[in-house]
Every structure is written in structure tokens, then in C-alpha cells.
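Q: One file is attached below, work28.csv, containing CSV, C-alpha atoms.
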chain,number,residue,atom,x,y,z
A,1,MET,CA,5.0,-34.8,-4.4
A,2,THR,CA,4.8,-35.4,-0.7
A,3,LEU,CA,5.8,-39.1,-0.8
A,4,PHE,CA,9.5,-38.5,-0.7
A,5,SER,CA,9.7,-35.2,1.1
A,6,PRO,CA,11.7,-34.8,4.2
A,7,PRO,CA,9.8,-34.8,7.5
A,8,ALA,CA,8.7,-31.3,8.6
A,9,PRO,CA,10.9,-29.8,11.2
A,10,THR,CA,9.3,-29.5,14.6
A,11,SER,CA,9.1,-26.2,16.3
A,12,VAL,CA,11.4,-25.5,19.2
A,13,LEU,CA,8.9,-22.9,20.5
A,14,GLY,CA,6.0,-25.3,21.3
A,15,GLY,CA,4.6,-24.4,24.7
A,16,VAL,CA,6.5,-21.2,25.0
A,17,GLU,CA,3.6,-19.2,23.6
A,18,PRO,CA,0.4,-20.6,25.1
A,19,GLN,CA,-1.8,-18.5,22.9
A,20,LEU,CA,-0.8,-20.6,19.9
A,21,THR,CA,-2.2,-24.0,19.2
A,22,ARG,CA,-0.3,-27.0,18.0
A,23,LEU,CA,-2.2,-26.8,14.7
A,24,PHE,CA,-1.0,-23.3,14.2
A,25,PHE,CA,2.6,-24.3,14.7
A,26,GLN,CA,2.2,-27.2,12.4
A,27,TYR,CA,0.7,-25.0,9.7
A,28,TYR,CA,3.5,-22.5,9.8
A,29,GLU,CA,6.2,-25.3,9.9
A,30,GLN,CA,4.7,-26.8,6.8
A,31,THR,CA,4.0,-23.7,4.8
A,32,VAL,CA,7.2,-21.8,5.6
A,33,ALA,CA,9.8,-24.5,6.0
A,34,ARG,CA,9.0,-26.7,3.1
A,35,SER,CA,6.4,-24.9,1.1
A,36,TRP,CA,7.5,-26.3,-2.3
A,37,VAL,CA,7.1,-30.0,-1.3
A,38,SER,CA,3.7,-29.6,0.4
A,39,TRP,CA,0.2,-29.4,-0.9
A,40,TRP,CA,-0.3,-25.9,0.5
A,41,PRO,CA,0.8,-24.1,-2.7
A,42,LEU,CA,-1.7,-26.2,-4.7
A,43,ALA,CA,-4.4,-25.3,-2.2
A,44,ALA,CA,-3.4,-21.6,-2.6
A,45,ALA,CA,-3.6,-21.9,-6.4
A,46,ALA,CA,-7.0,-23.6,-6.3
A,47,LEU,CA,-8.5,-21.0,-3.9
A,48,GLY,CA,-6.4,-18.1,-5.2
A,49,ALA,CA,-7.5,-18.4,-8.9
A,50,PRO,CA,-11.2,-17.6,-8.3
A,51,LEU,CA,-10.2,-15.1,-5.6
A,52,ALA,CA,-7.9,-13.3,-8.1
A,53,ALA,CA,-10.7,-13.4,-10.7
A,54,ALA,CA,-13.2,-11.8,-8.3
A,55,SER,CA,-10.6,-9.2,-7.3
A,56,TRP,CA,-10.1,-8.4,-11.0
A,57,ARG,CA,-13.8,-8.0,-11.5
A,58,VAL,CA,-14.1,-5.6,-8.6
A,59,GLY,CA,-11.1,-3.7,-9.9
A,60,ALA,CA,-12.8,-3.4,-13.3
A,61,LEU,CA,-16.0,-2.1,-11.8
A,62,VAL,CA,-14.0,0.5,-9.8
A,63,GLY,CA,-11.8,1.3,-12.7
A,64,ARG,CA,-14.8,2.1,-14.9
A,65,VAL,CA,-15.9,4.7,-12.4
A,66,LEU,CA,-12.4,6.1,-11.9
A,67,ALA,CA,-11.3,6.2,-15.5
A,68,ASP,CA,-14.4,7.8,-16.9
A,69,ASP,CA,-12.3,9.6,-19.6
A,70,LEU,CA,-12.8,11.4,-22.8
A,71,HIS,CA,-15.6,13.8,-22.0
A,72,ALA,CA,-15.6,16.1,-24.9
A,73,GLU,CA,-15.8,19.1,-22.7
A,74,ALA,CA,-13.0,17.8,-20.5
A,75,LEU,CA,-10.6,17.8,-23.4
A,76,ALA,CA,-11.1,21.5,-24.1
A,77,HIS,CA,-8.8,22.7,-21.3
A,78,PRO,CA,-8.1,26.5,-21.7
B,79,MET,CA,-16.8,43.5,-22.8
B,80,ALA,CA,-18.1,41.2,-20.1
B,81,THR,CA,-18.5,38.3,-22.5
B,82,ILE,CA,-14.8,38.5,-23.4
B,83,ALA,CA,-13.5,39.2,-19.9
B,84,LEU,CA,-15.4,36.3,-18.3
B,85,PRO,CA,-13.8,33.4,-20.3
B,86,ILE,CA,-10.3,35.0,-19.7
B,87,ARG,CA,-10.9,35.1,-16.0
B,88,HIS,CA,-12.3,31.6,-16.0
B,89,GLY,CA,-9.3,30.4,-18.1
B,90,SER,CA,-6.9,31.9,-15.6
B,91,LEU,CA,-8.8,30.5,-12.7
B,92,ALA,CA,-8.8,27.1,-14.3
B,93,ARG,CA,-5.0,27.1,-14.8
B,94,VAL,CA,-4.4,28.3,-11.2
B,95,GLY,CA,-7.2,26.2,-9.8
B,96,THR,CA,-5.9,22.9,-11.1
B,97,GLY,CA,-2.2,23.7,-11.6
B,98,ILE,CA,-1.4,24.6,-8.0
B,99,PRO,CA,-3.3,21.5,-6.6
B,100,LEU,CA,-1.4,19.3,-9.1
B,101,VAL,CA,2.0,20.5,-8.0
B,102,VAL,CA,1.2,20.5,-4.3
B,103,GLY,CA,-0.5,17.1,-4.5
B,104,MET,CA,2.3,15.5,-6.4
B,105,PHE,CA,4.8,16.8,-3.8
B,106,GLY,CA,2.6,15.4,-1.1
B,107,THR,CA,2.5,12.1,-2.9
B,108,LEU,CA,6.3,12.0,-3.0
B,109,LEU,CA,6.5,12.8,0.7
B,110,SER,CA,4.0,10.1,1.7
B,111,TRP,CA,5.6,7.5,-0.6
B,112,PHE,CA,9.0,8.1,0.9
B,113,GLY,CA,7.6,8.3,4.4
B,114,SER,CA,5.8,4.9,4.0
B,115,GLY,CA,8.9,3.1,2.8
B,116,TRP,CA,11.0,4.8,5.5
B,117,ASP,CA,8.4,3.9,8.2
B,118,VAL,CA,8.7,0.2,7.4
B,119,SER,CA,12.5,0.4,7.5
B,120,TRP,CA,12.3,2.4,10.7
B,121,HIS,CA,10.2,-0.2,12.4
B,122,ARG,CA,12.5,-3.0,11.2
B,123,ILE,CA,15.5,-1.2,12.6
B,124,PHE,CA,14.1,0.2,15.9
B,125,GLY,CA,11.2,-2.1,16.5
B,126,ARG,CA,7.9,-0.9,17.7
B,127,ASP,CA,7.6,2.8,18.2
B,128,THR,CA,5.2,5.7,19.1
B,129,PHE,CA,3.1,7.7,16.7
B,130,TRP,CA,5.5,10.7,16.6
B,131,THR,CA,8.3,9.3,14.4
B,132,THR,CA,9.9,11.2,11.5
B,133,PRO,CA,8.5,8.8,8.8
B,134,HIS,CA,5.0,9.3,10.2
B,135,LEU,CA,5.5,13.1,10.0
B,136,PHE,CA,6.5,12.6,6.3
B,137,ILE,CA,3.4,10.5,5.6
B,138,TYR,CA,1.0,12.9,7.3
B,139,ALA,CA,2.7,16.0,5.8
B,140,GLY,CA,2.2,14.5,2.4
B,141,VAL,CA,-1.5,13.6,3.1
B,142,THR,CA,-2.1,17.1,4.5
B,143,LEU,CA,-0.8,18.5,1.2
B,144,TRP,CA,-3.3,16.3,-0.6
B,145,GLY,CA,-6.0,17.8,1.6
B,146,LEU,CA,-4.9,21.4,0.9
B,147,ALA,CA,-4.7,20.7,-2.9
B,148,ALA,CA,-8.3,19.3,-2.9
B,149,LEU,CA,-9.5,22.3,-0.8
B,150,PHE,CA,-7.9,24.8,-3.1
B,151,ALA,CA,-9.4,23.1,-6.2
B,152,THR,CA,-12.8,23.0,-4.5
B,153,ALA,CA,-12.6,26.6,-3.5
B,154,THR,CA,-11.7,27.7,-7.1
B,155,ALA,CA,-14.5,25.6,-8.5
B,156,MET,CA,-16.9,27.3,-6.1
B,157,ALA,CA,-15.5,30.6,-7.3
B,158,GLY,CA,-16.4,29.8,-10.9
B,159,ARG,CA,-13.6,27.5,-12.2
B,160,PRO,CA,-15.2,25.3,-14.8
B,161,ILE,CA,-15.3,21.7,-13.6
B,162,ARG,CA,-13.8,19.2,-16.0
B,163,GLY,CA,-15.4,15.8,-16.2
B,164,LYS,CA,-17.8,14.3,-13.7
B,165,PRO,CA,-18.6,16.8,-10.9
B,166,LEU,CA,-19.4,15.9,-7.3
B,167,VAL,CA,-21.7,18.5,-5.7
B,168,VAL,CA,-22.6,18.5,-2.0
B,169,GLY,CA,-24.4,21.6,-1.0
B,170,PRO,CA,-22.2,24.5,-1.9
B,171,LEU,CA,-19.2,22.3,-2.3
B,172,ARG,CA,-18.4,21.3,-5.8
B,173,ALA,CA,-15.4,19.7,-7.6
B,174,GLU,CA,-14.4,17.0,-9.9
B,175,VAL,CA,-15.1,13.5,-8.5
B,176,GLY,CA,-11.4,12.7,-8.5
B,177,ILE,CA,-10.4,15.8,-6.6
B,178,ALA,CA,-13.2,15.2,-4.1
B,179,LEU,CA,-11.9,11.7,-3.6
B,180,ILE,CA,-8.4,13.1,-2.9
B,181,GLY,CA,-9.9,15.4,-0.3
B,182,ILE,CA,-12.0,12.6,1.3
B,183,GLY,CA,-9.0,10.2,1.4
B,184,ALA,CA,-6.8,12.9,3.0
B,185,LEU,CA,-9.5,13.6,5.6
B,186,VAL,CA,-9.9,9.9,6.4
B,187,THR,CA,-6.1,9.5,6.8
B,188,ILE,CA,-5.8,12.7,8.9
B,189,LEU,CA,-8.7,11.6,11.1
B,190,ALA,CA,-6.8,8.3,11.6
B,191,ALA,CA,-3.9,10.2,13.2
B,192,PRO,CA,-5.5,11.2,16.5
B,193,PHE,CA,-7.2,7.8,16.5
B,194,ASP,CA,-3.8,6.2,16.2
B,195,ASN,CA,-2.4,8.4,18.9
B,196,LEU,CA,-5.2,7.5,21.2
B,197,TRP,CA,-4.6,3.8,20.4
B,198,HIS,CA,-1.0,4.2,21.4
B,199,VAL,CA,-1.9,5.9,24.6
B,200,ALA,CA,-4.4,3.1,25.4
B,201,PHE,CA,-2.5,0.1,24.2
B,202,GLY,CA,1.2,1.2,24.0
B,203,ARG,CA,3.5,1.0,21.1
B,204,ASP,CA,2.6,-0.4,17.7
B,205,VAL,CA,2.2,-4.1,17.6
B,206,ASP,CA,1.6,-4.4,13.9
B,207,ILE,CA,0.0,-2.7,10.9
B,208,TRP,CA,-3.4,-4.4,11.4
B,209,SER,CA,-4.7,-2.1,14.1
B,210,PRO,CA,-8.0,-0.2,13.4
B,211,PRO,CA,-6.4,3.3,13.1
B,212,HIS,CA,-3.8,1.9,10.8
B,213,LEU,CA,-6.3,0.2,8.6
B,214,PHE,CA,-8.4,3.4,8.7
B,215,GLY,CA,-5.4,5.4,7.5
B,216,ILE,CA,-4.5,2.9,4.8
B,217,ALA,CA,-8.0,3.0,3.5
B,218,GLY,CA,-7.7,6.8,3.3
B,219,GLY,CA,-4.5,6.5,1.4
B,220,ALA,CA,-6.1,4.1,-1.1
B,221,ILE,CA,-9.2,6.4,-1.5
B,222,GLY,CA,-6.8,9.4,-2.2
B,223,LEU,CA,-4.8,7.5,-4.7
B,224,ALA,CA,-8.0,6.3,-6.5
B,225,GLY,CA,-9.0,10.0,-6.5
B,226,TRP,CA,-5.7,10.9,-8.2
B,227,ILE,CA,-6.3,8.2,-10.8
B,228,ALA,CA,-9.7,9.7,-11.5
B,229,ALA,CA,-8.5,13.3,-11.4
B,230,LEU,CA,-5.8,12.5,-14.0
B,231,ALA,CA,-8.4,12.0,-16.6
B,232,PRO,CA,-7.8,13.9,-19.9
B,233,GLY,CA,-8.5,17.6,-19.6
B,234,VAL,CA,-8.7,18.0,-15.8
B,235,PHE,CA,-5.1,19.2,-15.5
B,236,ALA,CA,-3.3,21.1,-18.3
B,237,LEU,CA,-0.8,18.3,-19.0
B,238,ASP,CA,0.6,16.6,-22.1
B,239,ASP,CA,-0.9,13.2,-22.6
B,240,TRP,CA,2.3,11.3,-22.0
B,241,LEU,CA,2.9,13.1,-18.7
B,242,ARG,CA,-0.7,12.5,-17.6
B,243,ARG,CA,-0.4,8.8,-18.4
B,244,PHE,CA,2.9,8.7,-16.6
B,245,LEU,CA,1.4,10.2,-13.5
B,246,ARG,CA,-1.5,7.8,-13.6
B,247,LEU,CA,0.9,4.9,-13.8
B,248,PHE,CA,2.8,6.4,-10.8
B,249,MET,CA,-0.5,6.5,-8.8
B,250,LEU,CA,-1.4,3.0,-9.9
B,251,GLY,CA,2.0,1.8,-8.8
B,252,ASN,CA,1.5,3.5,-5.5
B,253,LEU,CA,-2.0,1.9,-5.1
B,254,CYS,CA,-0.3,-1.5,-5.6
B,255,ALA,CA,2.2,-0.5,-2.9
B,256,VAL,CA,-0.6,0.4,-0.5
B,257,CYS,CA,-2.1,-3.1,-1.1
B,258,VAL,CA,1.3,-4.7,-0.4
B,259,PHE,CA,1.9,-2.4,2.6
B,260,SER,CA,-1.4,-3.4,4.1
B,261,LEU,CA,-0.3,-7.0,4.3
B,262,ASN,CA,1.4,-6.2,7.6
B,263,PHE,CA,4.2,-8.6,8.6
B,264,TYR,CA,3.9,-10.4,5.3
B,265,TYR,CA,5.3,-7.2,3.8
B,266,ILE,CA,7.7,-6.3,6.6
B,267,ALA,CA,9.4,-9.7,7.0
B,268,ALA,CA,10.1,-12.0,4.1
B,269,VAL,CA,10.4,-14.9,6.4
B,270,THR,CA,6.6,-14.8,7.0
B,271,ARG,CA,5.7,-15.2,3.4
B,272,GLU,CA,4.4,-18.7,3.6
B,273,ALA,CA,2.8,-20.8,0.9
B,274,PHE,CA,-0.9,-20.5,1.5
B,275,PHE,CA,-2.3,-17.4,3.2
B,276,TYR,CA,0.2,-14.9,1.7
B,277,PRO,CA,-0.6,-15.9,-2.0
B,278,LEU,CA,-4.3,-15.7,-1.1
B,279,LEU,CA,-3.9,-12.2,0.3
B,280,ILE,CA,-2.0,-11.1,-2.8
B,281,ALA,CA,-4.7,-12.7,-5.1
B,282,ALA,CA,-7.4,-10.8,-3.3
B,283,SER,CA,-5.8,-7.4,-3.5
B,284,VAL,CA,-3.4,-6.8,-6.3
B,285,PRO,CA,-5.4,-8.0,-9.4
B,286,ALA,CA,-8.0,-5.3,-8.6
B,287,VAL,CA,-5.4,-2.6,-9.1
B,288,LEU,CA,-4.1,-4.3,-12.3
B,289,ALA,CA,-7.7,-4.3,-13.6
B,290,ILE,CA,-8.0,-0.6,-12.7
B,291,GLY,CA,-4.8,-0.1,-14.7
B,292,THR,CA,-6.2,-1.7,-17.8
B,293,LEU,CA,-9.0,0.9,-17.8
B,294,ALA,CA,-7.0,3.9,-16.6
B,295,VAL,CA,-4.1,3.5,-18.9
B,296,PRO,CA,-5.7,2.1,-22.1
B,297,GLY,CA,-3.6,0.1,-24.5
B,298,ARG,CA,-1.8,-3.2,-24.6
B,299,TRP,CA,0.3,-4.3,-21.6
B,300,ALA,CA,-1.5,-1.9,-19.2
B,301,ALA,CA,-1.6,-4.4,-16.3
B,302,THR,CA,2.1,-5.2,-16.9
B,303,ALA,CA,2.9,-1.5,-17.0
B,304,THR,CA,1.1,-1.1,-13.7
B,305,ALA,CA,3.0,-4.0,-12.1
B,306,GLY,CA,6.2,-2.5,-13.6
B,307,ALA,CA,5.4,0.9,-12.1
B,308,TYR,CA,5.1,-0.7,-8.7
B,309,THR,CA,8.3,-2.6,-9.2
B,310,VAL,CA,10.2,0.6,-10.2
B,311,ILE,CA,8.7,2.6,-7.3
B,312,ALA,CA,9.7,-0.1,-4.8
B,313,LEU,CA,13.2,-0.4,-6.3
B,314,VAL,CA,13.7,3.4,-6.2
B,315,GLY,CA,12.5,3.6,-2.6
B,316,TYR,CA,14.8,0.7,-1.7
B,317,GLY,CA,17.7,2.4,-3.4
B,318,MET,CA,17.0,5.7,-1.6
B,319,LEU,CA,16.9,3.9,1.8
B,320,ALA,CA,20.0,2.0,1.0
B,321,GLY,CA,21.9,5.1,-0.2
B,322,SER,CA,21.0,7.0,2.9
B,323,GLY,CA,21.9,4.2,5.3
B,324,TRP,CA,18.3,3.5,6.3
B,325,ARG,CA,17.9,0.0,4.7
B,326,ALA,CA,17.1,-2.5,7.4
B,327,ARG,CA,19.4,-5.5,7.4
B,328,ARG,CA,17.5,-7.5,9.9
B,329,SER,CA,13.8,-7.5,10.3
B,330,LEU,CA,13.0,-9.3,13.5
B,331,ARG,CA,14.3,-7.0,16.1
B,332,TRP,CA,10.8,-5.8,16.7
B,333,CYS,CA,9.9,-9.3,17.8
B,334,SER,CA,12.8,-9.8,20.1
B,335,ARG,CA,11.6,-7.0,22.4
B,336,ALA,CA,10.4,-8.9,25.4
B,337,GLY,CA,6.9,-9.0,26.7
B,338,SER,CA,5.0,-8.8,23.5
B,339,PRO,CA,1.8,-10.9,23.6
B,340,SER,CA,1.3,-10.2,20.0
B,341,THR,CA,0.2,-13.2,17.9
B,342,SER,CA,1.8,-11.7,14.9
B,343,CYS,CA,5.1,-11.3,16.5
B,344,ALA,CA,4.9,-14.8,17.6
B,345,ARG,CA,4.1,-15.8,14.1
B,346,VAL,CA,7.3,-14.2,12.9
B,347,ALA,CA,9.2,-15.8,15.6
B,348,VAL,CA,7.8,-19.2,14.8
B,349,ALA,CA,8.6,-18.7,11.1
B,350,SER,CA,12.1,-17.6,11.9
B,351,ARG,CA,12.8,-20.4,14.2
B,352,THR,CA,11.2,-22.9,11.8
B,353,ARG,CA,13.3,-21.7,8.9
B,354,SER,CA,16.4,-21.8,11.2
B,355,SER,CA,15.7,-25.4,12.1
B,356,TRP,CA,15.1,-26.2,8.5
B,357,VAL,CA,18.5,-24.8,7.6
B,358,SER,CA,20.3,-26.7,10.3
B,359,ALA,CA,18.4,-29.9,9.5
B,360,SER,CA,19.1,-29.8,5.8
B,361,ALA,CA,22.5,-28.3,5.4
B,362,SER,CA,23.4,-30.7,2.7
B,363,ARG,CA,20.4,-29.7,0.6
B,364,SER,CA,20.0,-26.5,-1.4
B,365,SER,CA,19.7,-23.5,0.9
B,366,PRO,CA,16.4,-21.8,1.4
B,367,PRO,CA,15.8,-18.2,0.6
B,368,SER,CA,17.4,-15.6,2.9
B,369,SER,CA,15.5,-15.2,6.1
B,370,CYS,CA,14.9,-11.5,6.0
B,371,ALA,CA,13.7,-9.1,3.4
Please express the file's structure as C-alpha cells.
A:
Amino acid sequence: MTLFSPPAPTSVLGGVEPQLTRLFFQYYEQTVARSWVSWWPLAAAALGAPLAAASWRVGALVGRVLADDLHAEALAHP
Amino acid sequence: MATIALPIRHGSLARVGTGIPLVVGMFGTLLSWFGSGWDVSWHRIFGRDTFWTTPHLFIYAGVTLWGLAALFATATAMAGRPIRGKPLVVGPLRAEVGIALIGIGALVTILAAPFDNLWHVAFGRDVDIWSPPHLFGIAGGAIGLAGWIAALAPGVFALDDWLRRFLRLFMLGNLCAVCVFSLNFYYIAAVTREAFFYPLLIAASVPAVLAIGTLAVPGRWAATATAGAYTVIALVGYGMLAGSGWRARRSLRWCSRAGSPSTSCARVAVASRTRSSWVSASASRSSPPSSCA
């Protein structure tokens, strides 16, 4: 996938913002500018799948508490 | 005589004690929902601003109505209104768990307001959404919406089942919107939505709401319906802002204000410049997505 990709553009802001590191610029250049020809989306999928599964489980736990429906007495609204 | 009069009194109290909070709370939800969308547009148009903006007043007026609704429901429960579903009792205070959560969420968000104002006094105008008072307020909003989802259980409010489910979906869509709103510049400026950290943030937050949806709105396609509710809510808000001339056309003006040491602003600037250089370097290839939301 990355064999024939164009070179990542270099930032014109390097050095302007001293708080940012070269690695930070490189990360943003690669993930924003050519996200679909880099490995970053695959890394996101690999890490995101278990993260999404964990999020789903947490939501299911919270949902069981919130959606505690169908109390018999609750249905008898005057 | 008393055995007949008491249920009638309680029945009337139950209707008033849950009917008024429902109407007031829903109006508050609409105010907060519109205020939140307007707030993002406001910041994209005017840049960083103080606490006392009109959209903020909408948000806080809406949340205050949540608080009043929860207070009223609690007061009527203390006066003898029968509690429907799970109760939460703290000393003399008693109400349904959902209504209590609405009140707690409103309190947390309202307490975040003076905290946010102090933050502005100490550090100046807003830099981004990820400040402690903002996160405090967002957490309050999420707690309140969770409370509405719980309070919209069968029997708490005198509602037809289709309307009750519709309102639950509306609250679930809003809870999704709170998750997306809390993503800070990833939400405000499309150009920042890069290919690694942004998907991870979405993966960590949104599936939880979809899972809540599968339990709160039982039946097939519940998660899809929850996602659809968020989409409709976002599109309606977008249409209202566009129709009233408040839709932001450019999102990076807040970063062009000089003197910001903010890392997040710099991130947006980097992302913007990077995409610009990508465009100029690859004019012959297919064009990338538009640079702003």
C-alpha cells in the first residue's frame, strides 16, 4: 500500500511553533494529508476494534441500569 | 370517604408532578440542543469568546429548565406523588432514579458555569473545548441525558408508547451528539479529522451510546435507529443554522487570531497548511475532501 504512494508533503510551519516536535508534524502530515495511503487507518482499525467492543460493553452495563423498564407498577399510570 | 379521595388526589398529583416536568424539561432540551449547535457555529465565525455569549445563555437556560423540572418532580414526590419505577431516596429527597439523574446533571452543568467564568477571568478567552470547566459541563449534560433516557421508562410519564420511544430516541441522539461535541476541534474543524486518533476517539465513545440504545429502545435496528436519530438531529440543527444565516463557512478564523499558544490551534493550523500543500502538490490527482466542515 505504501510502496507507490507519493512522498508526504513537508510542513511549511516547522520551527514556527517551538512547542511542537518534528514527530508531531510528521504524524499530522501523514495522517491528514494522505491518510488513505498510509498504515495509520489500519493501526486505527486494529486498536479501534477492541476499543469499540469495550465501549459497547460499558454502554450495555449502563444501559441495563438506565433502561430498567417494565416494572408492573410503573405501567399502571393513573 | 378518605379511601376514595386519596387516590384521586394522588392521581392528580401524579399527572401534574410528571406532566409539567416533562414539558418543561423537553423545552429545556430543545434550548440546550440548539444552543450547543449555535455555540459551535458562533466560535467558528467569531473565534474565541467570553462566557457570556447568546448560545451559552441558551445552553444554560435549557439546563436550568432541566433542574427546575427535576426539582418540581422531586417536590411532588415528597408531597405524596407515587414514584414510578426505581426510586432514589436521599434523606427527605425522593424521586425516580431518572429524574434524580436529570437534576444531578443539571446541577453539575450549572456549577460548571461559574467555574468556566472564573477560568475565563484567569486564563482569558476560550482556547478549546477541552478545558476542565467545559468537560465538567459536558459530563453534566451527559448525566442529564442519561437521566432522561431512564425517566422515559414505561409508566413514569403519561405518554403513548410510540411517543415515549420517540423521545427516548431523541435523547439517545442527543447523547451521541454530546460524545461528538466533546471531541473538541475534531468536531469543530473537519480538517483535523485525521486517520488515527480521531477514529479511536469515536470508537471509544459512540458505541457505548449505541449499546444503551439497544436496551433503551428494544427491537431490531435499535443501534441503527440511535445513529439515525443523531444524524437527523445534526441535519435539522445544520438546516436551522443555515436557514438563519448562522452556518459557519470557514472554521479556522479562531486559529488566525494572533498570539495563541494553544497546541490545539497549532494542530488545526498544521492540518490546514498540510492539506493546502497536499492540494498544491497534487493538483493532477483527485482532490481531497473540502478543508472545512
Q: Considering only C-alpha atoms, return as a PyMOL selection string whatever protein or nucleic-acid residues lie within 9 Å of Leu51 of chain A, sequence-local ones (same chain, fewer than 5 positions apart) excluded.
A: (chain A and resi 56) or (chain B and resi 278+281-282)
Q: Identify, on the basis of only C-alpha atoms, every residue whose closest approach to segment 43-47 of chain A does not exceed 8 Å; exclude the query and any residue fewer than 4 positions from it along the same chain; express the result as a PyMOL selection string.
A: (chain A and resi 39+51) or (chain B and resi 273-275+277-278)
Q: With distances taken over all atoms listed in the file, which residue among A:Leu42, A:Gly59, A:Ala49, A:Ala54 lies nearest chain B?
A: A:Gly59
Q: Taking all atoms listed in the file into account, which of B:Leu261, B:Val295, B:Ala267, B:Ala303 comes nearest Ile123 of chain B?
A: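 Of B:Leu261, B:Val295, B:Ala267, B:Ala303, the one nearest Ile123 of chain B, counting all atoms listed in the file, is B:Ala267.
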Q: Give me, as a PyMOL selection string, the residues of chain B touching chain A, with the criterion being at most 6 Å (counting only C-alpha atoms).
A: chain B and resi 89+162-163+228+231-233+272-274+278+281-282+285-287+289-290+293-294+352-353
Q: Write out as a list in words the residues lying within 10 Å of Phe244 of chain B, counting only C-alpha atoms and excluding same-chain residues fewer than 6 positions away.
A: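 Neighbouring residues, sequence-local ones excluded: Leu230, Asp238, Leu250, Val295 and Ala307 of chain B.
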Q: Find the distance between atom CA of Met104 of chain B and atom CA of Pro133 of chain B and write it in Å to one decimal.
A: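 Spanning atom CA of Met104 of chain B to atom CA of Pro133 of chain B is a straight-line distance of 17.7 Å.
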Q: Give me the residues near segment 135-140 of chain B as a ChimeraX atom specification, where near means some atom within 6 Å (using all atoms listed in the file) and where sequence neighbours in that chain fewer than 4 positions away do not count.
A: /B:106-107,109-110,113
Q: Could you please determine the separation between atom CA of Ala184 of chain B and atom CA of Phe112 of chain B in Å, to one decimal place?
A: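 Interatomic distance, atom CA of Ala184 of chain B to atom CA of Phe112 of chain B: 16.6 Å.
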Q: Could you check how far atom CA of Pro296 of chain B sits from atom CA of Leu253 of chain B, in Å to one decimal?
A: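 We find that atom CA of Pro296 of chain B and atom CA of Leu253 of chain B lie 17.4 Å from each other.
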Q: So which one's closest to Phe129 of chain B, B:His212, B:Arg271, B:Arg243, B:His198? Using all atoms listed in the file, please.
A: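 Smallest distance to Phe129 of chain B is found for B:His198.
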Q: Rank nothing, just name the residue among B:Leu189, B:Ala92, B:Leu149, B:Val256 nearest to Ala312 of chain B, using all atoms listed in the file.
A: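 Using all atoms listed in the file, Ala312 of chain B sits closest to B:Val256.
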